[in-house]
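Next comes data_1.txt, with compact mmCIF, C-alpha atoms.
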# COMPACT_ATOMS: atom_id res chain seq x y z
CA MET L 1 1.24 -5.43 -18.21
CA SER L 2 4.50 -7.17 -17.42
CA LEU L 3 7.49 -8.40 -19.38
CA THR L 4 10.38 -10.48 -18.07
CA ALA L 5 13.50 -12.00 -19.61
CA ASP L 6 14.73 -15.54 -18.97
CA PRO L 7 17.61 -15.74 -18.26
CA PRO L 8 17.80 -12.17 -16.89
CA ALA L 9 21.51 -11.69 -17.75
CA CYS L 10 23.76 -12.56 -20.70
CA SER L 11 27.32 -13.83 -20.60
CA VAL L 12 29.22 -14.63 -23.79
CA PRO L 13 32.91 -15.17 -24.61
CA ALA L 14 34.81 -12.02 -25.67
CA ALA L 15 36.00 -14.05 -28.67
CA GLY L 16 32.38 -14.20 -29.88
CA GLY L 17 29.33 -16.34 -29.28
CA ALA L 18 25.57 -16.34 -28.92
CA SER L 19 23.00 -16.51 -26.16
CA THR L 20 19.24 -17.15 -26.43
CA HIS L 21 16.75 -15.48 -24.12
CA LYS L 22 13.01 -15.77 -23.77
CA LEU L 23 10.84 -12.68 -23.34
CA VAL L 24 7.77 -13.62 -21.30
CA ASN L 25 4.54 -11.61 -21.42
CA GLY L 26 2.94 -12.07 -17.99
CA GLY L 27 -0.13 -10.00 -18.82
CA ALA L 28 -3.42 -10.33 -20.68
CA ASP L 29 -2.57 -7.82 -23.43
CA ASN L 30 -0.64 -8.18 -26.68
CA LEU L 31 2.73 -6.42 -26.24
CA ILE L 32 5.07 -4.76 -28.71
CA PHE L 33 8.80 -4.36 -28.01
CA LYS L 34 12.01 -2.74 -29.25
CA ILE L 35 15.49 -3.78 -28.10
CA LYS L 36 18.39 -1.32 -27.83
CA SER L 37 22.02 -2.20 -27.14
CA SER L 38 24.69 -0.06 -25.51
CA ASN L 39 27.21 -1.60 -27.94
CA ASN L 40 25.99 -2.02 -31.52
CA ASN L 41 29.53 -2.64 -32.78
CA GLU L 42 29.95 -6.00 -31.03
CA TYR L 43 26.37 -7.17 -30.37
CA ARG L 44 23.64 -8.13 -32.82
CA ILE L 45 20.10 -8.76 -31.58
CA THR L 46 17.47 -10.78 -33.43
CA PRO L 47 14.70 -9.66 -33.59
CA VAL L 48 14.99 -5.96 -32.68
CA PHE L 49 11.21 -5.37 -32.89
CA GLY L 50 8.38 -7.80 -32.24
CA PHE L 51 5.03 -8.73 -30.76
CA ILE L 52 4.35 -11.05 -27.81
CA ASP L 53 0.89 -12.60 -27.42
CA PRO L 54 -0.89 -12.46 -24.04
CA SER L 55 0.76 -14.97 -21.67
CA GLY L 56 3.11 -15.82 -24.57
CA THR L 57 6.85 -15.84 -25.13
CA LYS L 58 9.29 -14.66 -27.80
CA ASP L 59 12.84 -15.97 -28.24
CA ILE L 60 15.60 -13.44 -28.87
CA THR L 61 19.19 -14.18 -29.84
CA VAL L 62 22.12 -12.07 -28.69
CA THR L 63 25.21 -12.59 -30.89
CA ARG L 64 28.60 -11.11 -29.99
CA THR L 65 31.46 -10.61 -32.41
CA ALA L 66 35.05 -10.76 -31.18
CA GLY L 67 36.19 -7.74 -29.21
CA ALA L 68 37.74 -6.55 -25.98
CA PRO L 69 35.97 -7.79 -22.82
CA LYS L 70 33.62 -5.21 -21.34
CA GLU L 71 30.26 -4.74 -19.67
CA ASP L 72 27.30 -3.64 -21.81
CA LYS L 73 23.53 -3.87 -21.62
CA LEU L 74 20.34 -4.43 -23.58
CA VAL L 75 17.34 -2.26 -22.83
CA ILE L 76 13.97 -3.63 -23.92
CA HIS L 77 11.22 -1.02 -24.27
CA PHE L 78 7.66 -2.37 -24.37
CA ALA L 79 4.05 -1.20 -24.58
CA ASN L 80 0.58 -2.50 -25.34
CA ALA L 81 0.42 -3.26 -29.06
CA PRO L 82 -2.10 -1.36 -31.19
CA ALA L 83 -4.98 -3.71 -32.05
CA ASP L 84 -4.53 -3.43 -35.82
CA ALA L 85 -0.71 -3.53 -35.89
CA THR L 86 1.01 -6.00 -38.22
CA ASP L 87 4.46 -4.36 -38.64
CA ALA L 88 6.18 -4.15 -35.25
CA GLN L 89 8.78 -1.56 -36.33
CA ALA L 90 6.20 0.82 -37.80
CA ALA L 91 3.76 0.31 -34.93
CA PHE L 92 6.39 0.88 -32.23
CA ALA L 93 7.09 4.34 -33.65
CA ALA L 94 3.47 5.27 -32.90
CA VAL L 95 3.36 4.16 -29.24
CA THR L 96 4.85 5.49 -26.03
CA PRO L 97 6.83 2.80 -24.18
CA ALA L 98 5.07 1.83 -20.94
CA GLY L 99 8.00 -0.02 -19.40
CA THR L 100 11.57 -1.21 -19.78
CA ILE L 101 13.68 -4.13 -18.70
CA THR L 102 17.47 -4.28 -18.75
CA ILE L 103 19.59 -7.33 -19.52
CA PRO L 104 23.22 -6.91 -18.41
CA LEU L 105 25.72 -8.17 -21.02
CA SER L 106 29.14 -9.42 -19.99
CA ALA L 107 31.98 -10.68 -22.16
CA ALA L 108 34.99 -12.35 -20.63
Mind turning the file's structure into structure tokens?
Amino acid sequence: MSLTADPPACSVPAAGGASTHKLVNGGADNLIFKIKSSNNNEYRITPVFGFIDPSGTKDITVTRTAGAPKEDKLVIHFANAPADATDAQAAFAAVTPAGTITIPLSAA
């Protein structure tokens, strides 16, 4: 089970902006994920929960509102998805994360 982010870091203007990233499932199992931000006041992530098919990808969008420049991060928790899961948010509550990846966020 492996999950990577492309690009692996995010840089947006402090005045606000957006960045798109691709989560890549490098394994043979369906994955479920949840994204947490160290700064929920200035960053919005879409989607927060989701599924990624085996060897598949999922686009995420990081949107920053205007604010003082600072360093933050996204932490993406992931696990094998339950076979019968259809609601990622509900299903994620029932699993134990098997791994995490971190995307550094910088605003200048």
Subject >> Nearest candidate to Val95 in chain L (options L:Ile76, L:Ala68, L:Leu3, L:Ile32; using all atoms listed in the file) >> reply: L:Ile32
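Excluding Ser11 in chain L and any residue on its chain fewer than 4 positions from it, the residues at most 10 Å away by only C-alpha atoms are L:Gly17, L:Ala18, L:Ser19, L:Val62, L:Arg64, L:Glu71, L:Pro104, L:Leu105, L:Ser106, L:Ala107, L:Ala108.
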**OP:** Find the residues near Ser2 in chain L: any atom within 8 Å, counting all atoms listed in the file, skip ones fewer than 4 places away on the same chain, and give them as a VMD selection string.
**Re:** chain L and resid 25 to 27
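Using only C-alpha atoms for every distance, the candidate list L:Ala14, L:Ile103, L:Ala85, L:Leu74 yields L:Leu74 as the residue closest to Arg44 in chain L.
Using all atoms listed in the file, the residues found no farther than 8 Å from Asp53 in chain L, other than those of its own chain fewer than 3 positions away, are Asn25, Asp29, Asn30, Leu31, Gly56 and Thr57 of chain L.
Among L:Ile35, L:Val48, L:Met1, L:Val12, the residue with the shortest atom-to-atom distance to Lys70 in chain L, counting all atoms listed in the file, is L:Val12.
The smallest atom-to-atom distance between Pro8 in chain L and any of L:Ala28, L:Ala66, L:Val75, L:Ala98, using all atoms listed in the file, is found for L:Val75.
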**OP:** Report the distance between CA of Ala93 in chain L and CA of Glu42 in chain L in Å, rounded to one decimal place.
**Re:** 25.2 Å
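CA of Phe49 in chain L sits 25.2 Å away from CA of Pro13 in chain L.
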**OP:** Kindly indicate which residue among L:Asn80, L:Thr86, L:Leu23, L:Phe33 lies nearest to Lys58 in chain L, using all atoms listed in the file for the distances.
**Re:** L:Leu23
